[in-house]
Each structure stands twice: as C-alpha cells, then as structure tokens.
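Next comes work-v7.cif, with mmCIF, C-alpha atoms.
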```
data_my_file
loop_
_atom_site.group_PDB
_atom_site.id
_atom_site.type_symbol
_atom_site.label_atom_id
_atom_site.label_comp_id
_atom_site.auth_asym_id
_atom_site.auth_seq_id
_atom_site.Cartn_x
_atom_site.Cartn_y
_atom_site.Cartn_z
ATOM 1 C CA MET A 1 267.027 3.700 69.414
ATOM 2 C CA ILE A 2 263.712 2.116 70.276
ATOM 3 C CA LEU A 3 263.676 -0.580 72.907
ATOM 4 C CA LEU A 4 260.735 -2.556 74.214
ATOM 5 C CA HIS A 5 260.233 -1.512 77.818
ATOM 6 C CA TYR A 6 257.668 -2.774 80.271
ATOM 7 C CA LEU A 7 257.228 0.004 82.775
ATOM 8 C CA SER A 8 255.652 -1.404 85.862
ATOM 9 C CA HIS A 9 255.033 -0.520 89.481
ATOM 10 C CA TYR A 10 253.083 -2.535 91.996
ATOM 11 C CA HIS A 11 250.017 -3.881 90.167
ATOM 12 C CA ILE A 12 249.954 -1.302 87.403
ATOM 13 C CA ILE A 13 251.512 -2.405 84.139
ATOM 14 C CA LEU A 14 252.172 -0.121 81.227
ATOM 15 C CA PRO A 15 253.609 -2.110 78.300
ATOM 16 C CA SER A 16 254.654 0.159 75.482
ATOM 17 C CA LEU A 17 257.363 1.165 73.064
ATOM 18 C CA ILE A 18 259.413 3.862 74.721
ATOM 19 C CA LEU A 19 262.002 6.020 73.027
ATOM 20 C CA ILE A 20 265.264 5.542 74.885
ATOM 21 C CA TYR A 21 267.781 8.276 74.235
ATOM 22 C CA PHE A 22 271.394 7.416 74.935
ATOM 23 C CA SER A 23 272.984 10.790 75.497
ATOM 24 C CA SER A 24 276.068 12.328 77.021
ATOM 25 C CA HIS A 25 273.822 15.026 78.512
ATOM 26 C CA VAL A 26 270.618 13.276 79.545
ATOM 27 C CA VAL A 27 269.440 16.157 81.695
ATOM 28 C CA SER A 28 270.434 19.775 81.513
ATOM 29 C CA ALA A 29 273.869 20.739 82.769
ATOM 30 C CA PRO A 30 276.270 23.660 82.249
ATOM 31 C CA LEU A 31 277.149 23.774 78.575
ATOM 32 C CA ARG A 32 280.581 22.421 77.733
ATOM 33 C CA ILE A 33 281.977 21.796 74.273
ATOM 34 C CA PRO A 34 282.950 18.110 74.249
ATOM 35 C CA ASN A 35 286.311 16.888 73.036
ATOM 36 C CA LEU A 36 285.094 15.533 69.723
ATOM 37 C CA ASN A 37 288.337 13.721 69.012
ATOM 38 C CA LEU A 38 288.135 11.911 72.359
ATOM 39 C CA ARG A 39 284.534 10.964 71.712
ATOM 40 C CA GLN A 40 285.389 9.667 68.250
ATOM 41 C CA GLU A 41 288.260 7.639 69.711
ATOM 42 C CA GLN A 42 285.904 6.202 72.325
ATOM 43 C CA GLU A 43 283.395 5.126 69.678
ATOM 44 C CA GLU A 44 286.153 3.654 67.502
ATOM 45 C CA GLU A 45 287.388 1.680 70.502
ATOM 46 C CA ARG A 46 283.878 0.320 71.055
ATOM 47 C CA GLN A 47 283.654 -0.763 67.424
ATOM 48 C CA SER A 48 287.168 -2.242 67.366
ATOM 49 C CA HIS A 49 286.261 -5.070 69.723
ATOM 50 C CA ASN A 50 285.544 -8.399 68.094
ATOM 51 C CA ASP A 51 281.954 -9.068 69.132
ATOM 52 C CA ASN A 52 282.744 -12.766 69.437
ATOM 53 C CA ASN A 53 285.292 -12.051 72.157
ATOM 54 C CA ILE A 54 283.548 -9.427 74.263
ATOM 55 C CA LEU A 55 280.745 -9.470 76.768
ATOM 56 C CA LYS A 56 278.582 -6.366 76.697
ATOM 57 C CA VAL A 57 277.647 -5.452 80.259
ATOM 58 C CA TYR A 58 274.681 -3.218 81.095
ATOM 59 C CA VAL A 59 273.970 -2.037 84.628
ATOM 60 C CA LEU A 60 270.359 -1.302 85.601
ATOM 61 C CA ALA A 61 269.629 0.442 88.895
ATOM 62 C CA GLY A 62 266.824 2.130 90.805
ATOM 63 C CA GLN A 63 264.045 1.465 93.279
ATOM 64 C CA SER A 64 260.834 -0.605 93.073
ATOM 65 C CA ASN A 65 260.230 0.313 89.429
ATOM 66 C CA MET A 66 263.536 -1.302 88.541
ATOM 67 C CA GLU A 67 262.922 -4.238 90.885
ATOM 68 C CA GLY A 68 259.937 -5.024 88.688
ATOM 69 C CA HIS A 69 256.315 -5.463 89.761
ATOM 70 C CA GLY A 70 254.890 -6.307 86.367
ATOM 71 C CA GLU A 71 252.831 -9.495 86.536
ATOM 72 C CA VAL A 72 253.221 -12.361 84.104
ATOM 73 C CA SER A 73 250.124 -14.544 84.311
ATOM 74 C CA THR A 74 248.047 -13.596 87.368
ATOM 75 C CA MET A 75 244.463 -14.753 86.855
ATOM 76 C CA ASP A 76 241.239 -12.822 87.440
ATOM 77 C CA LYS A 77 239.093 -15.817 88.322
ATOM 78 C CA THR A 78 239.280 -17.795 85.081
ATOM 79 C CA THR A 79 240.878 -15.275 82.728
ATOM 80 C CA PRO A 80 244.268 -13.529 82.724
ATOM 81 C CA MET A 81 244.241 -10.236 84.604
ATOM 82 C CA ASN A 82 244.136 -7.184 82.353
ATOM 83 C CA GLY A 83 247.672 -5.860 81.888
ATOM 84 C CA THR A 84 249.572 -9.067 82.539
ATOM 85 C CA LEU A 85 251.907 -10.431 79.891
ATOM 86 C CA LEU A 86 249.558 -13.334 79.300
ATOM 87 C CA TYR A 87 246.636 -10.959 78.729
ATOM 88 C CA GLN A 88 248.709 -8.961 76.241
ATOM 89 C CA LEU A 89 249.749 -12.161 74.502
ATOM 90 C CA LEU A 90 246.121 -13.234 74.029
ATOM 91 C CA ASP A 91 244.692 -9.811 73.155
ATOM 92 C CA PRO A 92 244.470 -9.441 69.325
ATOM 93 C CA ARG A 93 245.468 -5.782 69.662
ATOM 94 C CA THR A 94 248.839 -6.588 71.244
ATOM 95 C CA ARG A 95 249.388 -10.244 70.343
ATOM 96 C CA TYR A 96 251.911 -9.603 67.601
ATOM 97 C CA GLU A 97 254.014 -7.198 69.655
ATOM 98 C CA PHE A 98 254.251 -9.681 72.541
ATOM 99 C CA SER A 99 254.554 -12.862 70.471
ATOM 100 C CA LYS A 100 258.350 -12.902 70.746
ATOM 101 C CA LEU A 101 257.961 -13.517 74.481
ATOM 102 C CA TRP A 102 256.244 -16.882 73.900
ATOM 103 C CA ASN A 103 257.891 -19.982 72.502
ATOM 104 C CA ALA A 104 255.368 -22.684 71.589
ATOM 105 C CA SER A 105 254.367 -23.780 75.103
ATOM 106 C CA ARG A 106 256.452 -21.639 77.454
ATOM 107 C CA TRP A 107 257.840 -18.167 77.989
ATOM 108 C CA SER A 108 260.817 -17.429 75.777
ATOM 109 C CA SER A 109 264.341 -17.316 77.150
ATOM 110 C CA TRP A 110 267.579 -16.004 75.704
ATOM 111 C CA PRO A 111 270.690 -17.991 76.751
ATOM 112 C CA ASN A 112 273.019 -15.454 75.131
ATOM 113 C CA ILE A 113 271.691 -12.805 77.520
ATOM 114 C CA GLN A 114 272.311 -13.439 81.195
ATOM 115 C CA VAL A 115 270.714 -11.538 84.075
ATOM 116 C CA TRP A 116 272.079 -10.990 87.586
ATOM 117 C CA PHE A 117 269.755 -9.518 90.235
ATOM 118 C CA ASN A 118 270.532 -8.819 93.904
ATOM 119 C CA GLU A 119 267.231 -10.283 95.150
ATOM 120 C CA ALA A 120 266.495 -13.957 95.804
ATOM 121 C CA GLY A 121 263.356 -14.561 97.826
ATOM 122 C CA LYS A 122 263.765 -12.689 101.113
ATOM 123 C CA GLU A 123 267.444 -11.996 100.432
ATOM 124 C CA MET A 124 267.743 -8.377 99.281
ATOM 125 C CA GLY A 125 271.510 -7.934 99.371
ATOM 126 C CA VAL A 126 271.145 -4.591 101.142
ATOM 127 C CA ASN A 127 274.776 -4.596 102.267
ATOM 128 C CA GLY A 128 276.155 -6.099 99.102
ATOM 129 C CA SER A 129 275.454 -9.548 97.729
ATOM 130 C CA LYS A 130 277.644 -12.542 98.383
ATOM 131 C CA VAL A 131 279.539 -13.129 95.159
ATOM 132 C CA PRO A 132 280.304 -15.751 93.843
ATOM 133 C CA GLY A 133 277.723 -17.058 96.311
ATOM 134 C CA VAL A 134 274.854 -19.434 95.540
ATOM 135 C CA ASN A 135 272.327 -18.706 92.813
ATOM 136 C CA ASN A 136 268.712 -18.352 94.042
ATOM 137 C CA VAL A 137 270.038 -18.025 97.591
ATOM 138 C CA ASP A 138 272.427 -15.060 97.631
ATOM 139 C CA PHE A 139 271.165 -13.535 94.370
ATOM 140 C CA SER A 140 269.281 -14.525 91.216
ATOM 141 C CA ALA A 141 270.977 -15.244 87.902
ATOM 142 C CA GLY A 142 270.210 -17.006 84.652
ATOM 143 C CA ASP A 143 268.966 -16.734 81.074
ATOM 144 C CA LEU A 144 266.900 -13.666 80.299
ATOM 145 C CA THR A 145 263.238 -14.579 80.711
ATOM 146 C CA VAL A 146 260.278 -13.781 82.959
ATOM 147 C CA GLY A 147 260.786 -14.009 86.719
ATOM 148 C CA PHE A 148 263.538 -11.482 87.357
ATOM 149 C CA GLY A 149 261.120 -9.060 88.960
ATOM 150 C CA THR A 150 260.850 -8.385 92.688
ATOM 151 C CA GLY A 151 262.133 -11.293 94.756
ATOM 152 C CA GLY A 152 263.701 -13.016 91.761
ATOM 153 C CA PRO A 153 262.445 -16.275 90.219
ATOM 154 C CA SER A 154 262.669 -18.209 93.488
ATOM 155 C CA GLY A 155 260.736 -15.535 95.354
ATOM 156 C CA ASN A 156 257.971 -14.747 92.871
ATOM 157 C CA GLU A 157 257.619 -18.175 91.193
ATOM 158 C CA ASN A 158 258.430 -16.600 87.811
ATOM 159 C CA ASN A 159 255.369 -14.359 87.969
ATOM 160 C CA PHE A 160 257.040 -10.930 88.100
ATOM 161 C CA PHE A 161 259.294 -9.079 85.706
ATOM 162 C CA GLY A 162 260.971 -5.699 85.435
ATOM 163 C CA PRO A 163 262.550 -3.488 82.761
ATOM 164 C CA GLU A 164 265.334 -6.042 82.224
ATOM 165 C CA LEU A 165 262.968 -8.137 80.090
ATOM 166 C CA GLY A 166 262.080 -5.523 77.499
ATOM 167 C CA PHE A 167 265.543 -3.979 77.711
ATOM 168 C CA GLY A 168 267.214 -7.305 76.965
ATOM 169 C CA VAL A 169 264.794 -8.258 74.191
ATOM 170 C CA GLY A 170 265.377 -4.883 72.573
ATOM 171 C CA LEU A 171 269.149 -5.303 72.732
ATOM 172 C CA ASN A 172 269.078 -8.802 71.296
ATOM 173 C CA THR A 173 270.077 -8.425 67.657
ATOM 174 C CA SER A 174 272.011 -11.677 67.292
ATOM 175 C CA SER A 175 272.272 -14.945 69.193
ATOM 176 C CA GLU A 176 276.028 -14.666 68.701
ATOM 177 C CA GLU A 177 276.202 -11.477 70.758
ATOM 178 C CA LYS A 178 276.785 -12.078 74.460
ATOM 179 C CA ILE A 179 275.162 -9.717 76.946
ATOM 180 C CA LEU A 180 275.130 -9.496 80.742
ATOM 181 C CA ILE A 181 272.506 -7.382 82.518
ATOM 182 C CA ILE A 182 273.397 -6.565 86.128
ATOM 183 C CA LYS A 183 270.342 -5.316 87.980
ATOM 184 C CA THR A 184 270.804 -3.634 91.365
ATOM 185 C CA ALA A 185 267.533 -2.329 92.795
ATOM 186 C CA TRP A 186 265.815 -1.929 96.142
ATOM 187 C CA GLY A 187 262.330 -0.637 96.853
ATOM 188 C CA GLY A 188 261.724 2.694 98.550
ATOM 189 C CA LYS A 189 265.137 4.245 97.892
ATOM 190 C CA SER A 190 265.909 7.860 96.996
ATOM 191 C CA LEU A 191 268.578 9.513 94.886
ATOM 192 C CA ALA A 192 268.972 12.354 97.392
ATOM 193 C CA VAL A 193 269.994 9.997 100.231
ATOM 194 C CA ASP A 194 270.286 6.307 99.301
ATOM 195 C CA PHE A 195 271.942 6.633 95.884
ATOM 196 C CA ARG A 196 273.570 10.010 96.635
ATOM 197 C CA PRO A 197 276.598 10.252 94.307
ATOM 198 C CA PRO A 198 280.024 11.518 95.458
ATOM 199 C CA SER A 199 279.817 14.756 93.448
ATOM 200 C CA SER A 200 276.729 15.727 95.444
ATOM 201 C CA THR A 201 278.732 15.631 98.686
ATOM 202 C CA PHE A 202 281.422 18.202 97.897
ATOM 203 C CA ASP A 203 279.516 21.393 98.669
ATOM 204 C CA GLU A 204 276.726 22.625 100.889
ATOM 205 C CA ASP A 205 273.309 21.633 99.610
ATOM 206 C CA PRO A 206 270.332 23.743 100.736
ATOM 207 C CA TYR A 207 268.014 20.913 99.704
ATOM 208 C CA CYS A 208 269.781 18.290 101.819
ATOM 209 C CA GLN A 209 269.844 18.966 105.550
ATOM 210 C CA LEU A 210 270.251 16.842 108.662
ATOM 211 C CA PRO A 211 268.718 14.832 110.179
ATOM 212 C CA ASP A 212 266.863 13.447 107.147
ATOM 213 C CA CYS A 213 269.594 14.048 104.592
ATOM 214 C CA ASN A 214 273.352 14.244 105.112
ATOM 215 C CA PRO A 215 274.789 16.403 102.300
ATOM 216 C CA TYR A 216 278.320 15.072 102.825
ATOM 217 C CA LYS A 217 277.572 11.350 102.844
ATOM 218 C CA VAL A 218 277.710 9.155 99.748
ATOM 219 C CA GLY A 219 274.571 7.019 99.530
ATOM 220 C CA HIS A 220 274.818 3.499 100.902
ATOM 221 C CA PHE A 221 273.112 1.956 97.890
ATOM 222 C CA TYR A 222 275.312 3.881 95.478
ATOM 223 C CA LYS A 223 278.271 2.135 97.097
ATOM 224 C CA VAL A 224 276.514 -1.245 97.152
ATOM 225 C CA MET A 225 275.702 -0.926 93.451
ATOM 226 C CA LEU A 226 279.380 -0.341 92.614
ATOM 227 C CA TYR A 227 280.441 -3.161 94.930
ATOM 228 C CA ASN A 228 278.102 -5.648 93.276
ATOM 229 C CA VAL A 229 279.226 -4.724 89.755
ATOM 230 C CA ARG A 230 282.874 -4.969 90.761
ATOM 231 C CA GLN A 231 282.413 -8.332 92.495
ATOM 232 C CA ILE A 232 280.520 -9.845 89.568
ATOM 233 C CA LEU A 233 283.075 -8.776 86.980
ATOM 234 C CA ASN A 234 285.985 -9.855 89.190
ATOM 235 C CA ASN A 235 284.384 -13.282 89.682
ATOM 236 C CA LEU A 236 282.845 -13.656 86.242
ATOM 237 C CA PRO A 237 284.083 -17.258 85.587
ATOM 238 C CA ASP A 238 282.511 -18.423 88.857
ATOM 239 C CA VAL A 239 279.175 -16.654 88.425
ATOM 240 C CA PHE A 240 278.815 -17.050 84.650
ATOM 241 C CA PRO A 241 281.233 -19.782 83.508
ATOM 242 C CA GLN A 242 279.863 -19.599 79.961
ATOM 243 C CA PHE A 243 281.380 -16.102 79.742
ATOM 244 C CA SER A 244 284.770 -17.033 81.237
ATOM 245 C CA THR A 245 286.703 -16.553 77.998
ATOM 246 C CA LEU A 246 285.105 -13.214 77.127
ATOM 247 C CA THR A 247 286.287 -9.697 77.909
ATOM 248 C CA PRO A 248 283.583 -7.727 79.771
ATOM 249 C CA VAL A 249 282.954 -4.214 78.454
ATOM 250 C CA LEU A 250 280.615 -1.855 80.321
ATOM 251 C CA SER A 251 278.302 -0.732 77.550
ATOM 252 C CA GLY A 252 275.465 1.214 79.187
ATOM 253 C CA PHE A 253 273.634 2.238 82.351
ATOM 254 C CA GLY A 254 269.874 2.282 82.879
ATOM 255 C CA TRP A 255 268.154 4.269 85.661
ATOM 256 C CA PHE A 256 264.516 3.809 86.738
ATOM 257 C CA GLN A 257 263.809 5.671 89.978
ATOM 258 C CA GLY A 258 262.183 8.812 91.344
ATOM 259 C CA TRP A 259 259.094 8.063 93.407
ATOM 260 C CA ASN A 260 260.701 8.610 96.801
ATOM 261 C CA ASP A 261 262.378 11.860 95.765
ATOM 262 C CA GLY A 262 259.058 13.029 94.353
ATOM 263 C CA CYS A 263 257.539 12.677 97.812
ATOM 264 C CA ASP A 264 259.804 15.419 99.169
ATOM 265 C CA LEU A 265 259.933 18.989 97.874
ATOM 266 C CA ASN A 266 263.633 19.406 98.662
ATOM 267 C CA ALA A 267 264.626 16.118 97.053
ATOM 268 C CA THR A 268 262.530 17.049 94.011
ATOM 269 C CA ALA A 269 264.277 20.416 93.707
ATOM 270 C CA ALA A 270 267.703 18.742 93.920
ATOM 271 C CA TYR A 271 266.890 15.831 91.613
ATOM 272 C CA GLU A 272 268.225 17.312 88.392
ATOM 273 C CA GLN A 273 271.637 18.138 89.813
ATOM 274 C CA ASN A 274 271.861 14.846 91.679
ATOM 275 C CA LEU A 275 271.081 12.972 88.468
ATOM 276 C CA VAL A 276 273.731 14.921 86.555
ATOM 277 C CA ASN A 277 276.207 14.039 89.297
ATOM 278 C CA LEU A 278 275.172 10.371 89.283
ATOM 279 C CA ILE A 279 275.840 10.063 85.558
ATOM 280 C CA LYS A 280 279.097 11.983 85.782
ATOM 281 C CA ASP A 281 280.391 9.930 88.708
ATOM 282 C CA LEU A 282 279.506 6.567 87.151
ATOM 283 C CA ARG A 283 281.225 7.524 83.922
ATOM 284 C CA ARG A 284 284.307 8.438 85.933
ATOM 285 C CA GLU A 285 284.092 5.264 88.045
ATOM 286 C CA TRP A 286 283.820 3.057 84.983
ATOM 287 C CA ASP A 287 286.350 5.062 82.986
ATOM 288 C CA ASP A 288 284.108 5.934 80.066
ATOM 289 C CA PRO A 289 283.219 9.635 79.645
ATOM 290 C CA TYR A 290 280.629 8.751 76.992
ATOM 291 C CA LEU A 291 279.034 5.726 78.613
ATOM 292 C CA PRO A 292 275.486 5.535 77.192
ATOM 293 C CA VAL A 293 272.806 6.259 79.790
ATOM 294 C CA SER A 294 269.096 5.481 79.593
ATOM 295 C CA ILE A 295 266.570 7.194 81.873
ATOM 296 C CA ALA A 296 263.178 5.474 81.973
ATOM 297 C CA VAL A 297 259.942 7.366 82.603
ATOM 298 C CA SER A 298 257.013 6.073 84.654
ATOM 299 C CA GLY A 299 253.343 6.047 83.767
ATOM 300 C CA PHE A 300 251.975 7.219 87.100
ATOM 301 C CA GLY A 301 248.669 9.022 86.696
ATOM 302 C CA GLY A 302 247.850 7.127 83.517
ATOM 303 C CA PHE A 303 247.149 8.825 80.214
ATOM 304 C CA ASN A 304 245.414 11.743 81.914
ATOM 305 C CA GLY A 305 248.685 12.859 83.466
ATOM 306 C CA VAL A 306 247.251 13.625 86.888
ATOM 307 C CA GLN A 307 249.764 15.739 88.782
ATOM 308 C CA ARG A 308 251.018 14.201 92.005
ATOM 309 C CA GLN A 309 251.714 16.578 94.886
ATOM 310 C CA PRO A 310 254.527 15.461 97.228
ATOM 311 C CA PRO A 311 252.491 15.855 100.463
ATOM 312 C CA ASN A 312 249.967 13.321 99.136
ATOM 313 C CA CYS A 313 252.412 10.515 98.314
#
```

As structure tokens, what does this structure read like?
Amino acid sequence: MILLHYLSHYHIILPSLILIYFSSHVVSAPLRIPNLNLRQEQEEERQSHNDNNILKVYVLAGQSNMEGHGEVSTMDKTTPMNGTLLYQLLDPRTRYEFSKLWNASRWSSWPNIQVWFNEAGKEMGVNGSKVPGVNNVDFSAGDLTVGFGTGGPSGNENNFFGPELGFGVGLNTSSEEKILIIKTAWGGKSLAVDFRPPSSTFDEDPYCQLPDCNPYKVGHFYKVMLYNVRQILNNLPDVFPQFSTLTPVLSGFGWFQGWNDGCDLNATAAYEQNLVNLIKDLRREWDDPYLPVSIAVSGFGGFNGVQRQPPNC
C-alpha cells in the first residue's frame, strides 16, 4: 500500500512517496506460525462491517517527527521557502503530485476525515488531555487539512503539518468513508523510557539501568497515549458529534519516532525488542492481534545517508 507521507523534522522537509508496509511482524521477532484461521476470521470481521456505519480510527504516535515540523507557506523574502508545501505546489516538477492539497484559493480540507491532536498552542497534554474539553484550548481537532503540526492550528497559525496530512490523504478513497486520526506526540521522547511498553518491564534489561532508565517502569507517555485514545472514544459524541451514530473500529497504528533512542547506545541496542513489545502490547490492549502497524522512516542525513553517531547527537 502506498501512502503519501510528508516526513518532516524541524526545518527539513522531505516530501515523497513512501512504501508503508502493514505487517504482523514489522521488525524481526522469534518465529511463530500464526493461527491462520484466526487471522482469516479477523479479516472477515473487518470486511463484515458496513462502511456507512463504522468509523475507522487510526492512532499515530511518536516524538517531534510525529508532532510535525513541516512548513506550509513560509516565505524566503518574496518567494516560498524551498521545501514548503507552497513551493512544492508551484514547482512544475512536483505540482501535479501536490495539487490535491490545493482547492482553488485555499488549502484543501476533508470533512470526512477528522483529526485529534494533543497540542493546542502551549498546551501539550503531557499528563493526558482534558476530554471532552475545549477545542483549540485543551487539544486541537477538526477537518483534515494543514495546521495539525506542532502546536496545532491555534499555535502555529496553520503553518505546520505532520504525517497526519499525507497519511489521511492516502487513506481517503471515498467521501462516504468516515475516518478519525488520533495523534498523540511529544517532542524529545524515547521508546526506551517515555513510551516504554509493559512487556519491556517484565525482565531485567541490560540496556536499561537506573538512574537514567527504569527497566520495570511503564513509560509515562505510553500510558498517556492509551488514556487519550480511551477518553476520545468514550466521549466520541461530545468531541466529534458528527460521528455520534457510528461504531468506532481501531483500524491501524502509525509510529514515527527514534531520534532520542538513537542518541544513546543502550537505547539503540534495545530498540528492536522494545518496538516488538510496543506493537505486541498495543495489539493486546486494543484486542486485535493483527492490528495493522505502520513504521515511518526519517530522512536524516539526506540522500547521502550520512551515518549519525550517538555521541554527536
């Protein structure tokens, strides 16, 4: 499945078509023969829902990459800055690919796809967002469009975006299909500590040692992510009244994170197992052993692929 992703971090923007592989084994893990009958039943259950009566829910999580630092229309004196969406829209080489993001005189929006993001200006929701709460005060929510990058529309004046934009556009196959993207992201967070999943706390971990890393403590932001998803779905009619008659179905999880772990040799060594555990635990939490998972890759180092050494982060 090919989805349009805009991979961005700080002021570097890398718009491209990225192959997103939804897999039950995204990274290597001990080989187990899956229960094929169970998997077939799970897929049949997905297909059995009447699309007019369900709300497909996708959870996106991570650190600053997922927050979104891609810039929409920042100017370099009198012309759009190279790499912004506006620059791509005007450049003959990329105009066609980006044309769907522009609607006559404004940036396109998709009312059938709603976005919820834990940031609204200076409000980061670090201990869990207030839900139902007040839109653009306690969180940011609305039609899919530009602006749901760092700080949310009220904080960045609709000039930043994150992976939710390309992800949502890629998912949009019909205006009749209803989609909710829940984005939970905070800058500077690690998988080893901040998003540490429960399955990583059961045994001793030579790569996670006090005082910097507690091997037996579930990450605070892992718990906040689950709390936010639960609160939104439990209060769906209050947060998204247009979806009040629909049945929400968790349909996928997207993960865009890794910089902070890459700055530490131990966290880097443990990353694979922690990621396996994250996927496994979320599938258990959301009661779907075959929940599709998408892992995004960053473009740090550019096309030359310069290797980054942790001590130099």

Open item on the list: Need the shell around Ser129 in chain A: protein/DNA/RNA residues with any atom at most 10 Å away, counting all atoms listed in the file. Skip same-chain ones fewer than 6 positions apart. Format as a count of residues only?
Closed with: 13

TODO: Name the residues in contact with Phe243 in chain A at a cut-off of 12 Å, using only C-alpha atoms, excluding same-chain residues fewer than 3 positions from it; report them as number ranges by chain.
DONE: A: 52-57, 111-114, 177-180, 232-233, 235-240, 246-248

Keeping C-alpha atoms, export the residues of the selection given above as a PDB file, keeping the file's coordinate frame.
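The result, written out as again27.pdb:
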```pdb
ATOM      1  CA  ASN A  52     282.744 -12.766  69.437  1.00  0.00           C
ATOM      2  CA  ASN A  53     285.292 -12.051  72.157  1.00  0.00           C
ATOM      3  CA  ILE A  54     283.548  -9.427  74.263  1.00  0.00           C
ATOM      4  CA  LEU A  55     280.745  -9.470  76.768  1.00  0.00           C
ATOM      5  CA  LYS A  56     278.582  -6.366  76.697  1.00  0.00           C
ATOM      6  CA  VAL A  57     277.647  -5.452  80.259  1.00  0.00           C
ATOM      7  CA  PRO A 111     270.690 -17.991  76.751  1.00  0.00           C
ATOM      8  CA  ASN A 112     273.019 -15.454  75.131  1.00  0.00           C
ATOM      9  CA  ILE A 113     271.691 -12.805  77.520  1.00  0.00           C
ATOM     10  CA  GLN A 114     272.311 -13.439  81.195  1.00  0.00           C
ATOM     11  CA  GLU A 177     276.202 -11.477  70.758  1.00  0.00           C
ATOM     12  CA  LYS A 178     276.785 -12.078  74.460  1.00  0.00           C
ATOM     13  CA  ILE A 179     275.162  -9.717  76.946  1.00  0.00           C
ATOM     14  CA  LEU A 180     275.130  -9.496  80.742  1.00  0.00           C
ATOM     15  CA  ILE A 232     280.520  -9.845  89.568  1.00  0.00           C
ATOM     16  CA  LEU A 233     283.075  -8.776  86.980  1.00  0.00           C
ATOM     17  CA  ASN A 235     284.384 -13.282  89.682  1.00  0.00           C
ATOM     18  CA  LEU A 236     282.845 -13.656  86.242  1.00  0.00           C
ATOM     19  CA  PRO A 237     284.083 -17.258  85.587  1.00  0.00           C
ATOM     20  CA  ASP A 238     282.511 -18.423  88.857  1.00  0.00           C
ATOM     21  CA  VAL A 239     279.175 -16.654  88.425  1.00  0.00           C
ATOM     22  CA  PHE A 240     278.815 -17.050  84.650  1.00  0.00           C
ATOM     23  CA  LEU A 246     285.105 -13.214  77.127  1.00  0.00           C
ATOM     24  CA  THR A 247     286.287  -9.697  77.909  1.00  0.00           C
ATOM     25  CA  PRO A 248     283.583  -7.727  79.771  1.00  0.00           C
TER      26      PRO A 248
END
```

- [ ] Considering all atoms listed in the file, return as a ChimeraX atom specification whatever protein or nucleic-acid residues lie within 10 Å of Val169 in chain A, sequence-local ones (same chain, fewer than 3 positions apart) excluded.
- [x] /A:3-5,100-101,109-110,113,144-145,164-166,172-173

TODO: Just the residues within 7 Å of range 268-274 of chain A, please, counting only C-alpha atoms, with nothing from its chain fewer than 6 positions along; format it as an MDAnalysis selection string.
DONE: chainID A and resid 27 192 200 207 261:262

May I have the selected residues written with C-alpha atoms, as a PDB file, in the frame of the given file?
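Contents of result.pdb, freshly written:
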```pdb
ATOM      1  CA  VAL A  27     269.440  16.157  81.695  1.00  0.00           C
ATOM      2  CA  ALA A 192     268.972  12.354  97.392  1.00  0.00           C
ATOM      3  CA  SER A 200     276.729  15.727  95.444  1.00  0.00           C
ATOM      4  CA  TYR A 207     268.014  20.913  99.704  1.00  0.00           C
ATOM      5  CA  ASP A 261     262.378  11.860  95.765  1.00  0.00           C
ATOM      6  CA  GLY A 262     259.058  13.029  94.353  1.00  0.00           C
TER       7      GLY A 262
END
```

Open item on the list: Quick one: residues within 12 Å of Phe195 in chain A, all atoms listed in the file, excluding same-chain residues fewer than 5 positions away - as a PyMOL selection string?
Closed with: chain A and resi 61-63+184-186+188-190+200-201+213+217-226+255+257-258+260-261+271+274-275+277-279+281-282

Open item on the list: Given only C-alpha atoms as the basis, pick out the residue of A:Glu204, A:Ser140, A:Asn82, A:Phe148 nearest to Phe161 in chain A.
Closed with: A:Phe148

- [ ] Find the distance between CA of Leu89 in chain A and CA of Val72 in chain A and write it in Å to one decimal.
- [x] 10.2 Å

- [ ] Would you mind telling me which residue in A:Trp107, A:Phe160, A:Trp116, A:Tyr58 lies nearest to Gly254 in chain A when using only C-alpha atoms?
- [x]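 For Gly254 in chain A, the nearest of the given residues is A:Tyr58.
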
Around all the atoms of range 232-247 of chain A listed in the file, draw an axis-aligned box and extend it by 3 Å on each of the six sides; I want its centre and edge lengths in Å to one decimal, as JSON.
```
{"center_x": 282.8, "center_y": -14.3, "center_z": 83.4, "size_x": 13.9, "size_y": 17.0, "size_z": 18.6}
```

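You will find CA of Phe256 in chain A at 15.8 Å from CA of Val193 in chain A.
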
Task: Separation of CA of Asn135 in chain A from CA of Asn158 in chain A in Å - done: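 Atom-to-atom, CA of Asn158 in chain A and CA of Asn135 in chain A are spaced 14.9 Å apart.
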
Open item on the list: I'd like to know which of A:Leu171, A:Met66, A:Leu85, A:Leu250 is closest to Phe98 in chain A, using all atoms listed in the file.
Closed with: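 Ranked by minimum distance to Phe98 in chain A, first place goes to A:Leu85.
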
- [ ] Tell me which of A:Gly151, A:Val276, A:Gly252, A:Asp212 sits closest to Phe167 in chain A, counting all atoms listed in the file.
- [x]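 With all atoms listed in the file as the atom set, the closest residue is A:Gly252.
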